[in-house]
Every structure is written in C-alpha cells, then in structure tokens.
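J.: Got a structure for you, protein.txt, holding compact mmCIF, C-alpha atoms.
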```txt
# COMPACT_ATOMS: atom_id res chain seq x y z
CA VAL A 166 10.72 10.80 -12.23
CA ALA A 167 10.17 7.27 -13.54
CA VAL A 168 8.22 4.96 -11.24
CA GLY A 169 10.98 2.37 -11.66
CA LEU A 170 13.19 4.46 -9.40
CA PHE A 171 10.77 3.83 -6.54
CA ASP A 172 9.72 0.30 -7.47
CA TYR A 173 13.19 -1.17 -8.02
CA PRO A 174 13.93 -2.05 -4.37
CA VAL A 175 10.53 -3.74 -3.99
CA LEU A 176 10.93 -5.68 -7.25
CA MET A 177 14.39 -6.77 -6.17
CA ALA A 178 12.95 -7.97 -2.86
CA ALA A 179 10.20 -9.87 -4.69
CA ASP A 180 12.75 -11.68 -6.88
CA ILE A 181 14.79 -12.72 -3.85
CA LEU A 182 11.82 -13.89 -1.77
CA LEU A 183 10.04 -15.67 -4.63
CA TYR A 184 13.00 -17.98 -5.26
CA GLN A 185 13.77 -18.68 -1.57
CA ALA A 186 17.34 -17.35 -1.72
CA ASP A 187 19.33 -17.71 1.49
CA LEU A 188 22.59 -16.00 0.45
CA VAL A 189 22.55 -13.09 -2.00
CA PRO A 190 25.87 -11.88 -3.49
CA VAL A 191 25.69 -8.08 -3.48
CA GLY A 192 27.99 -5.11 -3.24
CA GLU A 193 28.14 -2.96 -0.14
CA ASP A 194 25.88 -0.38 -1.80
CA GLN A 195 23.12 -3.01 -2.14
CA ARG A 196 23.04 -3.96 1.53
CA GLN A 197 20.09 -1.65 2.27
CA HIS A 198 18.02 -3.36 -0.44
CA LEU A 199 18.60 -6.70 1.22
CA GLU A 200 17.58 -5.25 4.58
CA LEU A 201 14.33 -4.09 2.96
CA THR A 202 13.83 -7.65 1.69
CA ARG A 203 14.25 -9.03 5.20
CA ASP A 204 11.85 -6.42 6.59
CA ILE A 205 9.18 -7.38 4.04
CA ALA A 206 9.56 -11.08 4.87
CA ARG A 207 9.25 -10.39 8.62
CA ARG A 208 6.23 -8.16 8.10
CA PHE A 209 4.50 -10.84 6.00
CA HIS A 210 5.24 -13.51 8.59
CA ASP A 211 3.96 -11.27 11.37
CA LEU A 212 0.69 -10.68 9.53
CA TYR A 213 -0.03 -14.11 8.10
CA CYS A 214 2.22 -16.77 9.63
CA LYS A 215 1.89 -16.46 13.40
CA ARG A 216 0.53 -19.99 13.75
CA ARG A 217 2.11 -21.63 10.72
CA ARG A 218 5.48 -22.23 9.08
CA PRO A 219 7.21 -19.14 7.61
CA THR A 220 6.55 -18.61 3.90
CA PHE A 221 9.85 -17.00 2.96
CA ARG A 222 13.48 -17.42 3.86
CA GLU A 223 15.12 -14.34 5.33
CA PRO A 224 18.17 -13.88 3.08
CA GLN A 225 21.64 -12.91 4.22
CA PRO A 226 24.00 -10.69 2.21
CA LEU A 227 27.12 -12.31 0.77
CA ILE A 228 29.60 -9.43 0.57
CA MET A 229 33.32 -9.79 -0.09
CA LYS A 230 35.48 -8.58 2.74
CA GLU A 231 37.89 -7.06 0.25
CA ALA A 232 36.82 -5.08 -2.82
CA ALA A 233 33.17 -4.96 -1.80
CA ARG A 234 32.68 -1.90 -4.00
CA ILE A 235 34.56 -1.27 -7.26
CA MET A 236 34.77 2.29 -8.50
CA SER A 237 35.18 3.84 -11.95
CA LEU A 238 38.60 3.75 -13.62
CA GLN A 239 38.10 7.42 -14.47
CA ASP A 240 36.87 8.57 -11.05
CA GLY A 241 37.76 6.78 -7.84
CA THR A 242 34.76 8.31 -6.08
CA SER A 243 32.09 7.06 -8.51
CA LYS A 244 30.83 3.48 -8.78
CA MET A 245 31.95 1.45 -11.79
CA SER A 246 28.89 1.02 -13.99
CA LYS A 247 28.12 -0.54 -17.36
CA SER A 248 25.76 2.37 -18.04
CA ALA A 249 28.55 4.98 -17.82
CA GLU A 250 29.08 6.88 -21.06
CA SER A 251 32.83 6.24 -21.27
CA GLU A 252 33.92 2.65 -21.90
CA LEU A 253 37.26 3.61 -20.35
CA SER A 254 35.52 3.76 -16.96
CA ARG A 255 35.10 -0.02 -16.67
CA ILE A 256 36.53 -3.44 -17.45
CA ASP A 257 34.01 -5.59 -19.33
CA MET A 258 34.00 -9.35 -18.88
CA LEU A 259 34.72 -9.98 -22.57
CA ASP A 260 37.35 -7.28 -23.08
CA PRO A 261 40.37 -8.72 -24.97
CA PRO A 262 43.85 -8.27 -23.43
CA ASP A 263 44.78 -5.29 -25.60
CA VAL A 264 41.61 -3.41 -24.61
CA ILE A 265 42.19 -4.18 -20.92
CA ALA A 266 45.77 -2.90 -21.23
CA GLN A 267 44.54 0.30 -22.89
CA LYS A 268 41.90 0.94 -20.20
CA VAL A 269 44.32 0.37 -17.33
CA LYS A 270 46.95 2.52 -19.00
CA LYS A 271 44.49 5.41 -19.32
CA CYS A 272 42.86 5.07 -15.89
CA LYS A 273 43.05 8.05 -13.57
CA THR A 274 45.95 8.16 -11.11
CA ASP A 275 47.86 10.78 -9.13
CA SER A 276 51.42 12.06 -8.91
CA THR A 277 52.28 10.33 -5.63
CA ARG A 278 54.74 7.45 -5.83
CA GLY A 279 53.90 4.23 -4.05
CA MET A 280 50.56 2.61 -3.35
CA THR A 281 48.45 3.44 -0.31
CA TYR A 282 45.17 1.90 0.77
CA GLY A 283 42.28 3.68 2.45
CA ASP A 284 43.68 7.18 2.02
CA PRO A 285 40.72 9.50 1.31
CA GLU A 286 43.06 11.78 -0.61
CA ARG A 287 43.93 8.93 -2.99
CA PRO A 288 40.66 7.17 -3.95
CA GLU A 289 42.09 5.91 -7.25
CA ALA A 290 44.93 4.11 -5.48
CA THR A 291 42.49 2.38 -3.15
CA ASN A 292 40.22 1.44 -6.06
CA LEU A 293 42.96 -0.07 -8.22
CA LEU A 294 44.28 -1.99 -5.24
CA ASN A 295 40.77 -3.30 -4.60
CA ILE A 296 40.60 -4.54 -8.19
CA TYR A 297 44.04 -6.12 -7.85
CA MET A 298 43.02 -7.90 -4.65
CA ALA A 299 39.76 -9.11 -6.20
CA VAL A 300 41.40 -10.76 -9.23
CA THR A 301 44.45 -12.16 -7.42
CA GLY A 302 42.71 -13.30 -4.23
CA LEU A 303 45.31 -11.54 -2.08
CA SER A 304 44.45 -9.96 1.24
CA GLN A 305 45.10 -6.28 1.79
CA GLU A 306 48.25 -7.02 3.76
CA ALA A 307 49.60 -9.43 1.13
CA ALA A 308 48.79 -7.06 -1.73
CA MET A 309 50.49 -4.12 -0.04
CA ALA A 310 53.54 -6.26 0.69
CA GLU A 311 53.72 -7.20 -3.00
CA VAL A 312 52.99 -3.89 -4.76
CA GLY A 313 52.97 -1.21 -2.06
CA GLY A 314 56.35 0.18 -3.07
CA LEU A 315 55.66 0.28 -6.82
CA GLY A 316 55.06 3.40 -8.85
CA TRP A 317 52.18 3.67 -11.29
CA GLY A 318 54.37 2.76 -14.26
CA GLU A 319 55.25 -0.52 -12.56
CA PHE A 320 51.88 -1.28 -10.99
CA LYS A 321 49.66 -0.80 -14.04
CA PRO A 322 51.29 -3.58 -16.15
CA ARG A 323 51.03 -5.92 -13.16
CA LEU A 324 47.34 -5.05 -12.72
CA THR A 325 46.77 -5.64 -16.44
CA ASP A 326 48.37 -9.08 -16.30
CA ALA A 327 46.28 -9.99 -13.25
CA LEU A 328 43.05 -8.91 -14.95
CA VAL A 329 43.87 -10.79 -18.16
CA SER A 330 44.75 -13.97 -16.23
CA HIS A 331 41.57 -13.76 -14.17
CA LEU A 332 39.24 -13.21 -17.12
CA GLU A 333 40.90 -15.61 -19.56
CA PRO A 334 39.20 -18.85 -18.32
CA ILE A 335 35.85 -17.05 -18.04
CA GLN A 336 36.11 -15.79 -21.61
CA LYS A 337 37.20 -19.21 -22.84
CA ARG A 338 34.21 -20.91 -21.25
CA TYR A 339 31.90 -18.21 -22.60
CA ALA A 340 33.16 -18.84 -26.13
CA GLU A 341 32.64 -22.61 -25.75
CA ILE A 342 29.05 -22.17 -24.59
CA ALA A 343 28.23 -19.51 -27.20
CA ALA A 344 29.49 -21.86 -29.93
CA ASP A 345 26.82 -24.44 -29.02
CA PRO A 346 23.41 -22.70 -29.16
CA ALA A 347 21.49 -25.96 -28.69
CA TYR A 348 23.30 -26.73 -25.43
CA LEU A 349 22.85 -23.15 -24.25
CA GLN A 350 19.11 -23.29 -24.96
CA SER A 351 18.76 -26.60 -23.10
CA VAL A 352 20.52 -25.19 -20.04
CA LEU A 353 18.30 -22.10 -20.11
CA GLU A 354 15.18 -24.25 -20.31
CA GLN A 355 16.32 -26.49 -17.45
CA GLY A 356 17.08 -23.46 -15.33
CA ALA A 357 13.72 -21.88 -16.15
CA ASP A 358 11.89 -25.09 -15.21
CA ALA A 359 13.75 -25.39 -11.91
CA ALA A 360 13.15 -21.73 -11.08
CA SER A 361 9.45 -21.98 -11.97
CA GLU A 362 9.02 -24.97 -9.68
CA VAL A 363 10.43 -23.03 -6.72
CA ALA A 364 8.45 -19.90 -7.60
CA ASP A 365 5.17 -21.80 -7.97
CA GLN A 366 5.64 -23.45 -4.59
CA THR A 367 6.44 -20.11 -2.91
CA LEU A 368 3.41 -18.46 -4.52
CA SER A 369 1.19 -21.31 -3.36
CA TRP A 370 2.47 -20.97 0.21
CA ALA A 371 1.92 -17.20 0.16
CA GLN A 372 -1.61 -17.55 -1.22
CA ASP A 373 -2.45 -20.20 1.34
CA ALA A 374 -1.10 -18.07 4.20
CA MET A 375 -3.20 -15.11 3.06
CA GLY A 376 -6.32 -17.18 2.53
CA PHE A 377 -6.43 -17.03 -1.27
CA ALA A 378 -7.50 -19.96 -3.40
CA PRO A 379 -4.61 -21.75 -5.16
CA ARG A 380 -4.01 -20.77 -8.77
CA GLY A 381 -6.25 -22.76 -11.12
CA ALA A 382 -8.55 -23.94 -8.35
CA THR A 383 -12.28 -23.58 -8.81
CA PRO A 384 -13.63 -21.68 -5.83
CA THR A 385 -16.60 -23.22 -4.09
CA LEU A 386 -18.89 -20.68 -2.55
CA LYS A 387 -21.61 -21.60 -0.11
CA VAL A 388 -24.69 -19.78 -1.30
CA PRO A 389 -27.24 -19.39 1.49
CA GLN A 390 -30.51 -21.04 0.58
CA PRO A 391 -33.76 -19.23 1.36
CA LYS A 392 -35.61 -20.70 4.27
CA PRO A 393 -38.92 -22.31 3.36
CA ALA A 394 -41.91 -20.17 4.21
CA LYS A 395 -43.83 -21.26 7.23
CA LYS A 396 -47.32 -22.50 6.54
CA PRO A 397 -49.98 -20.45 8.32
CA LYS A 398 -51.71 -22.29 11.07
CA ALA A 399 -55.23 -23.40 10.23
CA LYS A 400 -57.88 -21.59 12.20
CA GLN A 401 -59.92 -23.87 14.42
CA ALA A 402 -63.68 -23.70 13.95
CA GLU A 403 -65.46 -21.99 16.78
CA VAL A 404 -67.76 -24.30 18.72
CA PRO A 405 -70.97 -22.55 19.75
CA ALA A 406 -71.48 -22.43 23.46
CA THR A 407 -74.24 -24.64 24.84
CA GLN A 408 -76.75 -23.36 27.29
```
Please re-express this file's structure in structure tokens.

T.:
Amino acid sequence: VAVGLFDYPVLMAADILLYQADLVPVGEDQRQHLELTRDIARRFHDLYCKRRRPTFREPQPLIMKEAARIMSLQDGTSKMSKSAESELSRIDMLDPPDVIAQKVKKCKTDSTRGMTYGDPERPEATNLLNIYMAVTGLSQEAAMAEVGGLGWGEFKPRLTDALVSHLEPIQKRYAEIAADPAYLQSVLEQGADAASEVADQTLSWAQDAMGFAPRGATPTLKVPQPKPAKKPKAKQAEVPATQ
C-alpha cells in the first residue's frame, strides 16, 4: 500500500492550515478530512498557544445543500471521478456540447417512468436530478415540479441543455485566458506571491509558538565560560614561639 494513502489527509490538512483558510469548499465525502484539520489545529493550540494568540484558523466546510455529492453517470452508487477508466462516467469541464449530449444519452437509467428523488432503488434518478439542480440552481422542490413527471427520453435532452448552458461561459473564459499565455503567467506569479506571503507568515507564527528560531535567523547560543581557577592561599610563615 502506498504511503500516500495514509498521508493524504494530513497533507490536505497542512495545505488548509498553512494558508489560513476559513471556508473550504468540499463534497460531503471530504467532511471527515476537514474535521481532522480542525482537530490538528486544536491540538497544536492546546500544546503551544495556551498563553498566546492562536496560530491557525479553524476552517469550516462549505458544502452545497443540494448536490453535495455527484455520482458516476454509469453507476449511481459510485462517486464521479476523473480517474475512472470510462470517460462516459463523467462530464469534463471542457467537453463540447456534442460530447456532453453523447454522455448523457448513454448514462445509466432504469425502466421506471417519471423522476423520483432519494429513492434508494433508483440511485441514477437521484444522481441526474442532483446534477440538474446543481447546474440550474433550482431547489429540489422546484426541480421536481419542473421535471418530475418527465420520462427519460424527455429529461435527458433537458439535462443536456442545462449542462451546456452552465459550462458555456466557463469554457469561453478558459479559451480567452489560454489564448494569452503572458497574462496567464502573470496571474500565476501574482497568486504564488500572495500565497507565499501568507504561508511564510503562518510558518513564522508556528515556529515562534514552538520555540524554533525564525527561518534564516542566525541562532545565538550562550556558551558557558569556564570559571577562573581560584588562586591558592599563600601559607603564612610560622613565627617561632618565644620563651
């Protein structure tokens, strides 16, 4: 087993704490990682910050109320992932309209007519409704009122149109930025500088709290000096006794 499997939650926590994040957008399946991050921050503060300002912010999860977890288009019980072997299992941000239409058309469904939400026997229906709500901004009640009575043949084209409309401005902006490499590089450098400034400050606070010397500082050590040897007392000459 690769060590990354065990280190990933700790590395994720380090990234969050280093940059002083207060709200972290995550899916429902990442909530436990954020709780670990909060536990690490509290433990550090308990050990090193009892009489000083806290070093880290304790982040809060930012989780969508609707569509907090999107599942595979080929299996409504498995998480949608870019690492899945089949490209038909996901919608990529840069997919053109014809590819989106093909993926939605081939996504897994069932033989039941009408859309239902939250039915454990129909995970694909719940998943596709979650996607529809995410890209349209509709609540569950509004989405069900709009498409609840549709069959798959009617719902899939509507889902395709919603996905295309949602991704179109994102793809347009991506193309504009990608067409100007100099601008893109300048933005990346500005972001790196801003992030480094925050990270350096956080690291300095953490080192100070733990009693480490700041990075680049020359430590000054007090070397005990040997005490000077005491001079032996001079012996006084004996005076002969007089009779």

J.: Quick one: of A:Met245, A:Val300, A:Leu259, A:Leu315, who's nearest to Gly279 (chain A), counting all atoms listed in the file?

T.: A:Leu315

J.: Between region 326-366 of chain A and region 262-267 of chain A, at 12 Å or less, what are the per-residue closest atom pairs and their distances in Å? Count all atoms listed in the file, order by chain and rising residue number, and return it as a Markdown table.

T.:
```
| residue | atom | partner | partner_atom | distance |
| --- | --- | --- | --- | --- |
| A:Asp326 | CA | A:Ala266 | CA | 8.3 |
| A:Ala327 | CA | A:Ile265 | CA | 10.5 |
| A:Leu328 | CA | A:Ile265 | CA | 7.7 |
| A:Val329 | CA | A:Pro262 | CA | 5.8 |
| A:Ser330 | CA | A:Pro262 | CA | 9.2 |
| A:His331 | CA | A:Pro262 | CA | 11.0 |
| A:Leu332 | CA | A:Pro262 | CA | 9.2 |
| A:Glu333 | CA | A:Pro262 | CA | 8.8 |
| A:Gln336 | CA | A:Pro262 | CA | 10.9 |
```

J.: Could you list, as a VMD selection string, every residue within 9 Å of Gln185 (chain A), counting all atoms listed in the file and ignoring same-chain residues fewer than 5 positions away?

T.: chain A and resid 180 221 to 224 363 to 364 367

J.: Using only C-alpha atoms, determine which residues lie at most 12 Å from Gly283 (chain A), disregarding the query and same-chain residues fewer than 2 positions distant; provide the list as a ChimeraX atom specification.

T.: /A:231-232,241,280-281,285-295,305,309

J.: Choose the residue, out of A:Asp187, A:Lys321, A:Leu212, A:Asp194, that has the smallest atom-to-atom separation from Leu238 (chain A); count only C-alpha atoms.

T.: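 Looking at the shortest contact to Leu238 (chain A), the residue is A:Lys321.
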
J.: What does the distance between CA of Gly376 (chain A) and CA of Arg218 (chain A) come to in Å, to one decimal place?

T.: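 For CA of Gly376 (chain A) relative to CA of Arg218 (chain A), the distance reads 14.4 Å.
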
J.: Would you mind telling me which residue in A:Asp257, A:Asp345, A:Glu319, A:Asp284 lies nearest to Lys270 (chain A) when using all atoms listed in the file?

T.: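 The closest residue to Lys270 (chain A) is A:Glu319.
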
J.: Report as a Markdown table the residues of region 166-249 of chain A within 10 Å of region 296-299 of chain A, each with its shortest atom pair and distance in Å (one decimal), using only C-alpha atoms, ordered by chain and increasing residue number.

T.:
```
| residue | atom | partner | partner_atom | distance |
| --- | --- | --- | --- | --- |
| A:Met229 | CA | A:Ala299 | CA | 8.9 |
| A:Lys230 | CA | A:Ala299 | CA | 9.9 |
| A:Glu231 | CA | A:Ala299 | CA | 7.0 |
| A:Ala232 | CA | A:Ala299 | CA | 6.0 |
| A:Ala233 | CA | A:Ala299 | CA | 8.9 |
| A:Arg234 | CA | A:Ile296 | CA | 9.3 |
| A:Ile235 | CA | A:Ile296 | CA | 6.9 |
| A:Met236 | CA | A:Ile296 | CA | 9.0 |
```

J.: Figure out the distance between CA of Cys272 (chain A) and CA of Leu253 (chain A), please, to one decimal in Å.

T.: 7.3 Å

J.: May I have the residues within 12 Å of Leu188 (chain A) as a list in words, using all atoms listed in the file and disregarding those fewer than 5 positions away in the same chain?

T.: Ile181, Leu182, Leu199, Arg203, Arg222, Glu223, Pro224, Gln225, Pro226, Leu227 and Ile228 of chain A

J.: Give me, as a PyMOL selection string, all polymer residues having an atom no more than 10 Å from Val175 (chain A), counting all atoms listed in the file and skipping those fewer than 5 positions away in the same chain.

T.: chain A and resi 169+180-181+198+201-202+205

J.: What is the distance between CA of Leu324 (chain A) and CA of Lys268 (chain A), in Å to one decimal?

T.: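 Spanning CA of Leu324 (chain A) to CA of Lys268 (chain A) is a straight-line distance of 11.0 Å.
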
J.: Mind checking which residues fall within 12 Å of Val352 (chain A), counting only C-alpha atoms, ignoring those fewer than 6 positions away in the same chain, and posting them as a ChimeraX atom specification?

T.: /A:342-343,345-346,358-359
